[in-house]
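Undergrad: Mind looking over this structure? Questions follow.
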Amino acid sequence: MFLQKMKPYLQVDPQDGTERKVSLIDRLFNIRTEVTYKNREVPEEPEQVRHEDILKLSAHIEGGPEVSEMIAGIKVSFTGEVEKRSEILQRDCIYNKKTEIAALPSYICVNFVRFYWKKESTVSGTKAGKAKILKAVSFPKVFDAYPLCTRDLQKQLDLGREFERREREAETFAANTAVDDAMKAKEEEKKSSKMEIDGEEHKRSTAHGRAMEERKQKLEQIKRQDIQLYREHGVGLDTGNY
């Protein structure tokens, strides 16, 4: 209702070069829908197709317990029954009405239809009047309107979805490659550090072994000198060898 009232006040220059101004509301929010009517009583009657422009989608949430999500409520509003005149029978007939989105706008407004007209009930003793549906209905962070679109529009959207899929795959591959390279670099760094540590330990071990060998040789030399002294002078208090 608000968008409809604001249309006359928000006129902008057209983008196609014509002089006729267009509504900014239509440019941003207009949803082109394709409505198909099928005669229930005469199946052989050709389907009637026409296009309608709307400014919002309606999510009817009174369609039972299965309507717990926004997309389900919109699908309820996109199907229904209408009574219209049949050219074949020359009288009013019941037609099945099916609505699909033929063109998407830049922004989509969704109206949760929570108020309905409640009939009078003699059993519960309530009068007829407006009532509000208090049922909780969830909605996604990102609204995917693909299931609500016509087949022709879905083919156009498939091109964009395929491009986005390839972009995500490329980003994932680049991220995985970067992670693999980082892990390989870290492993190489660990190996290099281990080699340096092993080299230092080998050096220390070699130096320690060399010092022990030199000490052993020195002790052996002292021992040989003592034995030589004992042989030359003997053992006793006067010789100084004890």
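Each chain in the structure tokens gets a letter, A, B and so on, in the order shown; residues start at 1 in every chain, and ligands are counted from 1 in the order they appear.
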Excluding A:Phe2 and any residue of its chain fewer than 2 positions from it, enumerate the residues within 12 Å of it, using only C-alpha atoms, and give them as a PDB file with C-alpha atoms, in the first residue's frame.
TA:
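The file below, around.pdb, is the result:
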ATOM      1  CA  GLN A   4       1.540   2.157  -4.403  1.00  0.00           C
ATOM      2  CA  LYS A   5       0.863   5.565  -2.856  1.00  0.00           C
ATOM      3  CA  MET A   6       4.446   6.734  -3.385  1.00  0.00           C
ATOM      4  CA  LYS A   7       4.537   5.907  -7.122  1.00  0.00           C
ATOM      5  CA  PRO A   8       3.207   9.287  -8.369  1.00  0.00           C
ATOM      6  CA  TYR A   9       5.733  11.224  -6.273  1.00  0.00           C
ATOM      7  CA  ILE A  25       9.055   2.406  -7.353  1.00  0.00           C
ATOM      8  CA  LEU A  55       4.891  -4.629  -6.060  1.00  0.00           C
ATOM      9  CA  LYS A  56       5.048  -7.311  -3.378  1.00  0.00           C
ATOM     10  CA  CYS A 109       9.002  -6.986  -0.691  1.00  0.00           C
ATOM     11  CA  ASN A 111       4.042  -9.288   3.022  1.00  0.00           C
TER      12      ASN A 111
END
Undergrad: Identify, with DSSP run on backbone atoms, the residues in stretch 23-222 of chain A assigned to alpha helix (DSSP H), and express the list as JSON, numbers by chain.
TA: {"A": [24, 25, 26, 27, 28, 29, 70, 71, 72, 73, 74, 75, 76, 77, 151, 152, 153, 154, 155, 156, 157, 158, 159, 160, 161, 162, 163, 164, 165, 166, 167, 168, 169, 170, 171, 172, 173, 174, 175, 176, 177, 178, 179, 180, 181, 182, 183, 184, 185, 186, 187, 188, 189, 190, 191, 192, 193, 194, 195, 196, 197, 198, 199, 200, 201, 202, 203, 204, 205, 206, 207, 208, 209, 210, 211, 212, 213, 214, 215, 216, 217, 218, 219, 220, 221, 222]}
Undergrad: With distances taken over only C-alpha atoms, which of A:Tyr37, A:Phe139, A:Trp117, A:Tyr146 is nearest to A:Ala103?
TA: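 Smallest separation from A:Ala103 among the options: A:Tyr146.
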Undergrad: With distances taken over only C-alpha atoms, which residue among A:Gln11, A:Ser106, A:Gln90, A:Ser68 lies nearest A:Leu28?
TA: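 Using only C-alpha atoms, A:Leu28 sits closest to A:Ser106.
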Undergrad: If you count only C-alpha atoms, which residues fall within 10 Å of A:Lys75, apart from same-chain ones fewer than 3 positions away, as an MDAnalysis selection string?
TA: chainID A and resid 57:60 67 70:72 78:80 98:100 147:148
Undergrad: Just how far from atom CA of A:Arg50 is atom CA of A:Leu3, in Å to one decimal?
TA: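 Going from atom CA of A:Leu3 over to atom CA of A:Arg50 covers 23.2 Å.
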Undergrad: Residues at most 12 Å from A:Leu153, counting only C-alpha atoms, excluding those fewer than 4 positions away in the same chain, as a count of residues only?
TA: 17
Undergrad: When you draw a straight line from atom CA of A:Arg165 to atom CA of A:Val142, how long is it in Å?
TA: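 Taking atom CA of A:Arg165 and atom CA of A:Val142, their separation equals 16.2 Å.
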Undergrad: Write out as an MDAnalysis selection string each polymer residue whose atoms come within 9 Å of A:Val22, counting only C-alpha atoms; drop sequence neighbours fewer than 2 positions from it.
TA: chainID A and resid 10:14 20 24:27
Undergrad: Write out, as a CSV table (one decimal), in the first residue's frame, the residues just selected, with N, CA and C atoms.
TA:
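Result file is out12.csv:
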chain,number,residue,atom,x,y,z
A,10,LEU,N,7.5,9.7,-7.0
A,10,LEU,CA,8.9,9.3,-7.3
A,10,LEU,C,9.0,9.0,-8.8
A,11,GLN,N,9.0,10.0,-9.6
A,11,GLN,CA,9.2,9.9,-11.1
A,11,GLN,C,10.6,10.2,-11.5
A,12,VAL,N,11.2,9.4,-12.3
A,12,VAL,CA,12.6,9.6,-12.7
A,12,VAL,C,12.7,9.5,-14.3
A,13,ASP,N,13.8,10.0,-14.8
A,13,ASP,CA,13.9,9.9,-16.3
A,13,ASP,C,14.2,8.5,-16.7
A,14,PRO,N,13.6,8.1,-17.8
A,14,PRO,CA,13.7,6.7,-18.3
A,14,PRO,C,15.1,6.4,-18.8
A,20,ARG,N,9.0,10.1,-21.7
A,20,ARG,CA,8.1,9.8,-20.6
A,20,ARG,C,8.8,9.3,-19.3
A,24,LEU,N,10.1,5.4,-10.0
A,24,LEU,CA,11.3,4.8,-9.3
A,24,LEU,C,10.8,3.6,-8.6
A,25,ILE,N,9.6,3.6,-8.1
A,25,ILE,CA,9.1,2.4,-7.4
A,25,ILE,C,9.0,1.2,-8.3
A,26,ASP,N,8.4,1.5,-9.5
A,26,ASP,CA,8.3,0.4,-10.5
A,26,ASP,C,9.7,-0.1,-10.9
A,27,ARG,N,10.7,0.8,-11.1
A,27,ARG,CA,12.0,0.3,-11.5
A,27,ARG,C,12.7,-0.5,-10.5
Undergrad: Could you give me, as a VMD selection string, the residues within 12 Å of stretch 131-135 of chain A, counting only C-alpha atoms and dropping anything in the same chain fewer than 3 positions from it?
TA: chain A and resid 60 to 70 112 to 120 126 to 128 138
Undergrad: Can you tell me, as a ChimeraX atom specification, which residues in stretch 111-205 of chain A count as strand (DSSP E) by DSSP?
TA: /A:111-113,115-118,129-132
Undergrad: Pick out the closest residue to A:Arg40 from this set: A:Ser23, A:Thr150, A:Ser86, A:Ser77. Count only C-alpha atoms.
TA: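 Checking each candidate against A:Arg40, we get A:Ser86 as the closest.
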Undergrad: Quote the spacing between atom CA of A:Asp180 and atom CA of A:Glu164 in Å to one decimal place.
TA: 24.0 Å
